[in-house]
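Enquirer: What follows is the file my_file-v9.txt, containing compact mmCIF, C-alpha atoms and all ligand atoms:
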# COMPACT_ATOMS: atom_id res chain seq x y z
CA MET A 24 -2.07 -21.38 -22.25
CA PRO A 25 -1.00 -24.99 -22.48
CA SER A 26 -2.13 -27.26 -19.75
CA LEU A 27 -0.63 -30.41 -18.41
CA TYR A 28 -2.66 -33.58 -18.25
CA SER A 29 -1.82 -35.29 -15.04
CA ALA A 30 -3.86 -37.94 -13.30
CA ALA A 31 -1.21 -40.30 -11.94
CA PHE A 32 2.47 -40.27 -12.78
CA HIS A 33 3.91 -43.39 -14.34
CA PRO A 34 7.70 -43.32 -14.07
CA GLY A 35 8.98 -43.83 -17.57
CA SER A 36 5.86 -42.43 -19.19
CA MET A 37 4.10 -39.58 -17.34
CA MET A 38 7.36 -38.40 -15.78
CA VAL A 39 9.06 -38.39 -19.16
CA GLN A 40 6.05 -36.65 -20.70
CA LEU A 41 6.20 -34.00 -18.01
CA GLU A 42 9.90 -33.43 -18.70
CA GLU A 43 9.14 -33.10 -22.42
CA LYS A 44 6.43 -30.51 -21.73
CA VAL A 45 8.86 -28.53 -19.57
CA SER A 46 11.46 -28.61 -22.37
CA LEU A 47 8.86 -27.30 -24.81
CA LEU A 48 7.83 -24.53 -22.41
CA GLU A 49 11.47 -23.51 -21.92
CA ASN A 50 11.51 -22.64 -25.60
CA TRP A 51 8.17 -20.80 -25.60
CA SER A 52 9.54 -17.31 -26.09
CA ASP A 53 6.13 -15.57 -26.26
CA GLY A 54 4.73 -17.23 -23.15
CA LYS A 55 3.51 -15.41 -20.07
CA GLY A 56 1.34 -17.83 -18.10
CA LEU A 57 0.84 -21.53 -17.45
CA ILE A 58 -1.96 -23.46 -15.78
CA VAL A 59 -1.13 -26.96 -14.54
CA HIS A 60 -4.23 -29.06 -13.95
CA GLY A 61 -5.35 -32.64 -13.74
CA ALA A 62 -8.05 -34.68 -15.40
CA GLU A 63 -11.28 -36.33 -14.36
CA GLY A 64 -11.60 -34.42 -11.10
CA THR A 65 -8.16 -35.33 -9.69
CA PHE A 66 -5.14 -33.03 -9.75
CA CYS A 67 -2.55 -35.82 -9.40
CA SER A 68 -2.39 -38.83 -7.10
CA GLY A 69 1.41 -38.95 -7.10
CA SER A 70 3.75 -41.63 -8.37
CA ASP A 71 2.22 -44.61 -10.06
CA LEU A 72 2.32 -47.06 -7.17
CA ASN A 73 2.55 -50.09 -9.45
CA ALA A 74 5.58 -48.68 -11.22
CA VAL A 75 7.09 -47.53 -7.90
CA ARG A 76 6.89 -51.07 -6.55
CA ALA A 77 8.98 -52.22 -9.51
CA ILE A 78 11.73 -49.66 -8.80
CA SER A 79 11.81 -49.88 -5.00
CA ASN A 80 15.60 -50.42 -4.90
CA PRO A 81 17.90 -47.53 -3.79
CA GLN A 82 19.61 -46.99 -7.18
CA ASP A 83 16.38 -46.62 -9.15
CA GLY A 84 14.88 -44.53 -6.35
CA MET A 85 17.76 -42.05 -6.56
CA LYS A 86 17.50 -41.88 -10.36
CA MET A 87 13.76 -41.19 -10.17
CA CYS A 88 14.30 -38.63 -7.41
CA MET A 89 16.96 -36.70 -9.36
CA PHE A 90 14.97 -36.86 -12.58
CA MET A 91 11.91 -35.36 -10.89
CA GLN A 92 13.90 -32.79 -8.88
CA ASN A 93 15.45 -31.58 -12.11
CA THR A 94 12.12 -31.47 -13.97
CA LEU A 95 10.23 -29.67 -11.21
CA THR A 96 13.05 -27.18 -10.61
CA ARG A 97 12.97 -26.34 -14.32
CA LEU A 98 9.17 -26.07 -14.16
CA LEU A 99 9.39 -23.53 -11.33
CA ARG A 100 12.12 -21.60 -13.16
CA LEU A 101 10.19 -21.23 -16.42
CA PRO A 102 9.97 -17.58 -17.48
CA LEU A 103 6.19 -17.84 -17.03
CA ILE A 104 3.85 -17.15 -14.16
CA SER A 105 2.45 -20.57 -13.32
CA VAL A 106 -0.54 -21.70 -11.33
CA ALA A 107 -1.62 -25.15 -10.17
CA LEU A 108 -5.38 -25.56 -10.49
CA VAL A 109 -6.15 -28.04 -7.71
CA GLU A 110 -9.42 -29.82 -8.32
CA GLY A 111 -9.82 -32.99 -6.26
CA LYS A 112 -6.76 -34.58 -4.71
CA ALA A 113 -3.09 -33.63 -4.99
CA LEU A 114 -1.37 -36.46 -3.11
CA GLY A 115 2.30 -37.30 -2.49
CA GLY A 116 4.22 -36.37 -5.63
CA GLY A 117 1.08 -34.54 -6.77
CA ALA A 118 1.33 -32.27 -3.72
CA GLU A 119 5.01 -31.71 -4.58
CA LEU A 120 4.01 -30.79 -8.14
CA THR A 121 1.72 -28.01 -6.84
CA THR A 122 4.72 -26.42 -5.09
CA ALA A 123 6.61 -26.26 -8.39
CA CYS A 124 4.11 -23.64 -9.58
CA ASP A 125 4.20 -19.98 -8.56
CA PHE A 126 0.61 -20.08 -7.31
CA ARG A 127 -1.97 -22.63 -6.21
CA ILE A 128 -5.69 -22.06 -6.62
CA MET A 129 -8.23 -24.55 -5.38
CA ALA A 130 -11.75 -25.76 -6.10
CA SER A 131 -14.05 -26.38 -3.14
CA ASP A 132 -13.31 -30.13 -3.23
CA GLY A 133 -9.55 -29.64 -3.50
CA VAL A 134 -7.10 -31.30 -1.09
CA ILE A 135 -3.32 -31.06 -1.00
CA GLN A 136 -1.81 -33.78 1.15
CA PHE A 137 1.83 -34.72 1.56
CA VAL A 138 1.09 -38.40 2.27
CA HIS A 139 4.79 -39.32 2.18
CA ARG A 140 4.95 -40.13 5.91
CA HIS A 141 2.23 -42.73 5.41
CA MET A 142 4.40 -44.24 2.66
CA GLY A 143 7.50 -44.33 4.92
CA LEU A 144 9.02 -41.47 2.90
CA VAL A 145 9.69 -37.78 2.82
CA PRO A 146 9.25 -35.69 -0.32
CA GLY A 147 12.15 -36.20 -2.72
CA TRP A 148 11.15 -34.11 -5.71
CA GLY A 149 12.08 -30.83 -4.01
CA GLY A 150 8.63 -30.54 -2.46
CA ALA A 151 9.88 -30.12 1.12
CA ALA A 152 12.37 -27.38 0.26
CA ARG A 153 9.76 -25.48 -1.74
CA LEU A 154 7.06 -26.02 0.92
CA VAL A 155 9.25 -24.42 3.59
CA ARG A 156 9.69 -21.36 1.37
CA ILE A 157 5.94 -21.13 0.77
CA VAL A 158 4.46 -21.72 4.25
CA GLY A 159 7.48 -21.45 6.57
CA SER A 160 9.24 -24.22 8.46
CA GLN A 161 6.67 -24.49 11.28
CA ASN A 162 3.76 -25.11 8.94
CA ALA A 163 5.88 -27.35 6.69
CA LEU A 164 6.77 -29.48 9.71
CA LYS A 165 3.11 -29.83 10.59
CA LEU A 166 2.04 -30.68 7.02
CA LEU A 167 4.80 -33.26 6.50
CA GLY A 168 4.94 -34.67 10.03
CA GLY A 169 1.17 -34.95 10.32
CA ALA A 170 0.47 -35.80 6.65
CA VAL A 171 -2.27 -33.19 7.12
CA LYS A 172 -5.07 -32.82 4.58
CA VAL A 173 -5.00 -29.21 3.41
CA ASP A 174 -8.43 -28.15 2.22
CA LEU A 175 -9.35 -24.80 0.70
CA GLU A 176 -9.96 -22.94 3.96
CA PHE A 177 -6.83 -24.21 5.69
CA GLY A 178 -4.74 -23.71 2.56
CA LEU A 179 -5.77 -20.06 2.33
CA GLN A 180 -5.10 -19.60 6.04
CA ILE A 181 -1.50 -20.86 5.91
CA GLY A 182 -0.71 -19.34 2.50
CA LEU A 183 -0.33 -22.61 0.61
CA VAL A 184 -3.37 -21.69 -1.48
CA ASP A 185 -3.57 -18.31 -3.19
CA GLY A 186 -7.12 -18.28 -4.48
CA ALA A 187 -10.49 -20.04 -4.35
CA LEU A 188 -12.50 -21.19 -7.34
CA GLU A 189 -16.30 -21.12 -7.30
CA ALA A 190 -18.17 -24.43 -7.35
CA PRO A 191 -19.09 -24.98 -11.02
CA GLN A 192 -22.78 -24.67 -11.92
CA ALA A 193 -22.67 -26.21 -15.38
CA GLN A 194 -22.23 -29.85 -16.38
CA ASP A 195 -18.80 -29.28 -17.88
CA SER A 196 -17.07 -28.42 -14.63
CA ALA A 197 -13.50 -28.81 -15.94
CA ASP A 198 -13.94 -26.03 -18.51
CA THR A 199 -15.61 -23.77 -16.00
CA LEU A 200 -12.79 -24.19 -13.53
CA LEU A 201 -10.20 -23.72 -16.26
CA GLU A 202 -11.91 -20.50 -17.38
CA GLN A 203 -11.91 -19.27 -13.79
CA ALA A 204 -8.23 -20.15 -13.49
CA GLU A 205 -7.44 -18.25 -16.71
CA CYS A 206 -9.31 -15.25 -15.39
CA TRP A 207 -7.51 -15.48 -12.01
CA LEU A 208 -4.09 -15.73 -13.65
CA SER A 209 -4.76 -12.99 -16.22
CA ARG A 210 -4.50 -10.25 -13.60
CA TYR A 211 -0.82 -11.16 -13.20
CA THR A 212 -0.01 -11.69 -16.89
CA LYS A 213 -1.52 -8.55 -18.44
CA GLY A 214 0.97 -6.50 -20.44
CA PRO A 215 3.93 -7.06 -22.75
CA THR A 216 5.69 -10.42 -22.59
CA PRO A 217 9.16 -9.01 -21.80
CA VAL A 218 7.77 -7.17 -18.77
CA ILE A 219 5.92 -10.21 -17.38
CA GLN A 220 8.92 -12.47 -17.98
CA ALA A 221 11.10 -9.89 -16.24
CA VAL A 222 8.75 -9.87 -13.23
CA LYS A 223 9.15 -13.62 -12.94
CA ARG A 224 12.93 -13.37 -13.26
CA VAL A 225 13.43 -10.79 -10.50
CA VAL A 226 11.11 -12.64 -8.12
CA LEU A 227 12.84 -15.95 -8.85
CA SER A 228 16.31 -14.50 -8.27
CA GLY A 229 15.08 -12.79 -5.07
CA ARG A 230 13.82 -16.17 -3.86
CA GLU A 231 16.77 -18.31 -4.90
CA LEU A 232 19.92 -16.20 -4.81
CA PRO A 233 21.95 -14.53 -2.05
CA LEU A 234 21.02 -10.83 -1.81
CA SER A 235 24.08 -9.47 -3.61
CA ASP A 236 23.53 -11.81 -6.59
CA ALA A 237 19.81 -11.08 -6.63
CA LEU A 238 20.52 -7.34 -6.70
CA ARG A 239 22.88 -7.82 -9.64
CA THR A 240 20.25 -9.83 -11.52
CA GLU A 241 17.63 -7.20 -10.73
CA LYS A 242 19.89 -4.48 -12.15
CA ASP A 243 20.52 -6.52 -15.31
CA VAL A 244 16.82 -7.25 -15.83
CA PHE A 245 15.93 -3.61 -15.15
CA GLY A 246 18.46 -2.67 -17.83
CA THR A 247 16.67 -4.80 -20.41
CA LEU A 248 13.43 -2.87 -19.88
CA TRP A 249 14.64 0.71 -19.25
CA GLY A 250 14.05 2.76 -22.39
CA GLY A 251 12.44 -0.23 -24.07
CA PRO A 252 9.20 -0.11 -26.06
CA ALA A 253 6.84 -0.70 -23.11
CA ASN A 254 8.69 1.83 -20.96
CA LEU A 255 8.76 4.52 -23.69
CA GLN A 256 5.10 3.98 -24.51
CA ALA A 257 4.15 4.38 -20.85
CA LEU A 258 6.24 7.55 -20.59
CA ALA A 259 4.65 9.01 -23.73
CA SER A 260 1.14 8.50 -22.39
CA LYS A 261 0.03 10.61 -19.43
CA SER A 262 -0.33 7.69 -17.02
CA LYS A 263 -2.22 7.80 -13.76
CA HIS A 264 -2.31 4.83 -11.41
CA ASN A 265 -5.60 5.25 -9.60
C1 LIG B 1 8.01 -39.80 -4.29
C2 LIG B 1 6.56 -39.78 -4.63
C3 LIG B 1 5.65 -40.09 -3.48
C4 LIG B 1 4.28 -40.53 -3.97
O1 LIG B 1 3.69 -39.90 -4.79
S1 LIG B 1 3.66 -41.96 -3.31
C5 LIG B 1 2.01 -42.09 -4.01
C6 LIG B 1 1.04 -41.31 -3.21
N1 LIG B 1 -0.31 -41.55 -3.71
C7 LIG B 1 -1.11 -42.49 -3.20
O2 LIG B 1 -0.77 -43.20 -2.28
C8 LIG B 1 -2.45 -42.58 -3.84
C9 LIG B 1 -3.27 -43.73 -3.25
N2 LIG B 1 -4.60 -43.70 -3.81
C10 LIG B 1 -5.62 -43.12 -3.22
O3 LIG B 1 -5.51 -42.54 -2.15
C11 LIG B 1 -6.93 -43.19 -3.94
O4 LIG B 1 -6.85 -44.15 -4.98
C12 LIG B 1 -7.37 -41.83 -4.55
C13 LIG B 1 -6.29 -41.21 -5.43
C14 LIG B 1 -7.73 -40.88 -3.40
C15 LIG B 1 -8.62 -42.02 -5.43
O5 LIG B 1 -9.59 -42.67 -4.65
P1 LIG B 1 -10.97 -43.10 -5.29
O6 LIG B 1 -11.60 -41.92 -5.95
O7 LIG B 1 -11.75 -43.80 -4.23
O8 LIG B 1 -10.61 -44.08 -6.45
P2 LIG B 1 -9.83 -45.47 -6.35
O9 LIG B 1 -9.07 -45.58 -5.07
O10 LIG B 1 -10.77 -46.54 -6.66
O11 LIG B 1 -8.77 -45.26 -7.53
C16 LIG B 1 -9.08 -45.42 -8.90
C17 LIG B 1 -7.99 -46.27 -9.51
O12 LIG B 1 -6.80 -45.48 -9.59
C18 LIG B 1 -5.74 -46.18 -8.96
N3 LIG B 1 -4.77 -45.22 -8.42
C19 LIG B 1 -5.02 -44.07 -7.78
N4 LIG B 1 -3.88 -43.48 -7.47
C20 LIG B 1 -2.89 -44.27 -7.91
C21 LIG B 1 -1.48 -44.20 -7.88
N5 LIG B 1 -0.86 -43.18 -7.31
N6 LIG B 1 -0.79 -45.17 -8.46
C22 LIG B 1 -1.40 -46.21 -9.03
N7 LIG B 1 -2.74 -46.35 -9.09
C23 LIG B 1 -3.46 -45.39 -8.53
C24 LIG B 1 -6.42 -47.03 -7.89
O13 LIG B 1 -5.61 -48.09 -7.48
C25 LIG B 1 -7.65 -47.48 -8.65
O14 LIG B 1 -7.28 -48.51 -9.53
P3 LIG B 1 -8.27 -49.75 -9.79
O15 LIG B 1 -9.54 -49.15 -10.35
O16 LIG B 1 -8.48 -50.39 -8.46
O17 LIG B 1 -7.54 -50.62 -10.76
Using the file provided, produce a representation of the structure as structure tokens.
Expert:
Amino acid sequence: MPSLYSAAFHPGSMMVQLEEKVSLLENWSDGKGLIVHGAEGTFCSGSDLNAVRAISNPQDGMKMCMFMQNTLTRLLRLPLISVALVEGKALGGGAELTTACDFRIMASDGVIQFVHRHMGLVPGWGGAARLVRIVGSQNALKLLGGAVKVDLEFGLQIGLVDGALEAPQAQDSADTLLEQAECWLSRYTKGPTPVIQAVKRVVLSGRELPLSDALRTEKDVFGTLWGGPANLQALASKSKHN
């Protein structure tokens, strides 16, 4: 599974690189899963503050906002089951990035913090809209209004975090955490690619579309699998689900 290097975004470089990775992944027809992780013990500390200072006028701010909304929306809509591996800090735009993945799993030192209020901002990369859908509006209000530090225990409690990673024993902690993340994700990506991609599609449409449209999509996706190779193979074998 490809991973995404991400320590601090630099508008014009890291943001463009992220968009390029998303474009590549949109064309990955055999893909089932994606792990997004950082480097050197940090998930992502948000926008590059030096670059942000240089574009602190409204026009450039809107351009950056729309560019990142578009990129992160496309990331969330990839036909892959994605997980953000949060080791260390995910701050500001980095916190928003975690919400553009289907799941978030966290190491014991992980922190997700929407620090936007401290910066005189609100999320602009779609992070607020996605956060409300993940933890509900009450919790989202608390996390954004209070710029609350979400650690592993609190994250699990409010449903922002889906799984915990064990503290690494070995020297090479990054690999150990990545292996754990692969293992965690593999329980949701086992099986033929068309089936896993179909799972993602029906969940995505259920989350994003009005019910009648989501039902139509579900019917269409069901139709692509019914009588297909995976379905026929399962029917031919005497399956038991215990
Ligand atoms: C619409 C988007 C909204 C946003 O994303 S706004 C940006 C939100 N992020 C921040 O405010 C991050 C502020 N930085 C911090 O809190 C800390 O640097 C951080 C990430 C916890 C790391 O702390 P430490 O481990 O103590 O390390 P440190 O502070 O010495 O940092 C190491 C070097 O990295 C730099 N850095 C970290 N995050 C950055 C960022 N986002 N943009 C630009 N530079 C950043 C930091 O300035 C320091 O550089 P240097 O070694 O002093 O040259």
Enquirer: Quick one: residues within 10 Å of (-2.6, -21.6, -5.2) (file frame), counting only C-alpha atoms, please, as a PDB file with C-alpha atoms, in the coordinates of the input.
Expert:
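Printed below is selection_5.pdb as written:
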ATOM      1  CA  SER A 105       2.450 -20.570 -13.320  1.00  0.00           C
ATOM      2  CA  VAL A 106      -0.540 -21.700 -11.330  1.00  0.00           C
ATOM      3  CA  ALA A 107      -1.620 -25.150 -10.170  1.00  0.00           C
ATOM      4  CA  LEU A 108      -5.380 -25.560 -10.490  1.00  0.00           C
ATOM      5  CA  VAL A 109      -6.150 -28.040  -7.710  1.00  0.00           C
ATOM      6  CA  THR A 121       1.720 -28.010  -6.840  1.00  0.00           C
ATOM      7  CA  THR A 122       4.720 -26.420  -5.090  1.00  0.00           C
ATOM      8  CA  CYS A 124       4.110 -23.640  -9.580  1.00  0.00           C
ATOM      9  CA  ASP A 125       4.200 -19.980  -8.560  1.00  0.00           C
ATOM     10  CA  PHE A 126       0.610 -20.080  -7.310  1.00  0.00           C
ATOM     11  CA  ARG A 127      -1.970 -22.630  -6.210  1.00  0.00           C
ATOM     12  CA  ILE A 128      -5.690 -22.060  -6.620  1.00  0.00           C
ATOM     13  CA  MET A 129      -8.230 -24.550  -5.380  1.00  0.00           C
ATOM     14  CA  LEU A 175      -9.350 -24.800   0.700  1.00  0.00           C
ATOM     15  CA  GLY A 178      -4.740 -23.710   2.560  1.00  0.00           C
ATOM     16  CA  LEU A 179      -5.770 -20.060   2.330  1.00  0.00           C
ATOM     17  CA  GLY A 182      -0.710 -19.340   2.500  1.00  0.00           C
ATOM     18  CA  LEU A 183      -0.330 -22.610   0.610  1.00  0.00           C
ATOM     19  CA  VAL A 184      -3.370 -21.690  -1.480  1.00  0.00           C
ATOM     20  CA  ASP A 185      -3.570 -18.310  -3.190  1.00  0.00           C
ATOM     21  CA  GLY A 186      -7.120 -18.280  -4.480  1.00  0.00           C
ATOM     22  CA  ALA A 187     -10.490 -20.040  -4.350  1.00  0.00           C
TER      23      ALA A 187
END
Enquirer: Residues at most 9 Å from ligand LIG 1 (chain B), using all atoms listed in the file? Could they come as a ChimeraX atom specification?
Expert: /A:30-33,65,67-75,84,87-88,91,111-119,137-139,141-142,144-148
Enquirer: Which residue gives the smallest distance to A:Leu41 among A:Arg97, A:Arg239, A:Lys86, A:Arg156, with only C-alpha atoms counted?
Expert: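 That would be A:Arg97, the residue with the smallest distance to A:Leu41.
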Enquirer: Point out the residue among A:Leu101, A:Ala253, A:Met85, A:Ala130 with the least atom-to-atom distance to A:Pro217, counting all atoms listed in the file.
Expert: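 Using all atoms listed in the file, the shortest distance to A:Pro217 belongs to A:Ala253.
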Enquirer: List as JSON, numbers by chain the protein and nucleic acid residues near stretch 52-56 of chain A, meaning an atom at most 12 Å away when all atoms listed in the file are counted, but skip any in the same chain fewer than 4 places from it.
Expert: {"A": [24, 25, 26, 47, 48, 99, 101, 102, 103, 104, 105, 106, 107, 124, 125, 126, 204, 205, 206, 207, 208, 209, 210, 211, 212, 213, 214, 215, 216, 217, 218, 219, 220, 221, 222, 223, 224]}
Enquirer: Please produce a file of those selected residues containing C-alpha atoms, as a short mmCIF file (atom, residue, chain, number, x, y, z; two decimals), in the frame of the given file.
Expert:
data_model
loop_
_atom_site.label_atom_id
_atom_site.label_comp_id
_atom_site.auth_asym_id
_atom_site.auth_seq_id
_atom_site.Cartn_x
_atom_site.Cartn_y
_atom_site.Cartn_z
CA MET A 24 -2.07 -21.38 -22.25
CA PRO A 25 -1.00 -24.99 -22.48
CA SER A 26 -2.13 -27.26 -19.75
CA LEU A 47 8.86 -27.30 -24.81
CA LEU A 48 7.83 -24.53 -22.41
CA LEU A 99 9.39 -23.53 -11.33
CA LEU A 101 10.19 -21.23 -16.42
CA PRO A 102 9.97 -17.58 -17.48
CA LEU A 103 6.19 -17.84 -17.03
CA ILE A 104 3.85 -17.15 -14.16
CA SER A 105 2.45 -20.57 -13.32
CA VAL A 106 -0.54 -21.70 -11.33
CA ALA A 107 -1.62 -25.15 -10.17
CA CYS A 124 4.11 -23.64 -9.58
CA ASP A 125 4.20 -19.98 -8.56
CA PHE A 126 0.61 -20.08 -7.31
CA ALA A 204 -8.23 -20.15 -13.49
CA GLU A 205 -7.44 -18.25 -16.71
CA CYS A 206 -9.31 -15.25 -15.39
CA TRP A 207 -7.51 -15.48 -12.01
CA LEU A 208 -4.09 -15.73 -13.65
CA SER A 209 -4.76 -12.99 -16.22
CA ARG A 210 -4.50 -10.25 -13.60
CA TYR A 211 -0.82 -11.16 -13.20
CA THR A 212 -0.01 -11.69 -16.89
CA LYS A 213 -1.52 -8.55 -18.44
CA GLY A 214 0.97 -6.50 -20.44
CA PRO A 215 3.93 -7.06 -22.75
CA THR A 216 5.69 -10.42 -22.59
CA PRO A 217 9.16 -9.01 -21.80
CA VAL A 218 7.77 -7.17 -18.77
CA ILE A 219 5.92 -10.21 -17.38
CA GLN A 220 8.92 -12.47 -17.98
CA ALA A 221 11.10 -9.89 -16.24
CA VAL A 222 8.75 -9.87 -13.23
CA LYS A 223 9.15 -13.62 -12.94
CA ARG A 224 12.93 -13.37 -13.26
#
Enquirer: For a quick check of understanding, using all atoms listed in the file, which of A:Val171, A:Val45, A:Met89, A:Leu200 has the smallest distance to A:Ala123?
Expert: A:Val45
Enquirer: To one decimal place in Å, what is the distance between atom CA of A:Ile135 and atom CA of A:Leu188?
Expert: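 Value for the atom CA of A:Ile135-atom CA of A:Leu188 distance: 14.9 Å.
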Enquirer: Which of these, A:Leu234, A:Val244, A:Val225, A:Ala257, has the shortest distance to A:Arg100 once you count only C-alpha atoms?
Expert: A:Val225
Enquirer: So how far away is atom CA of A:Lys172 from atom CA of A:Gly133, in Å?
Expert: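 Computing it gives 9.8 Å between the two atoms.
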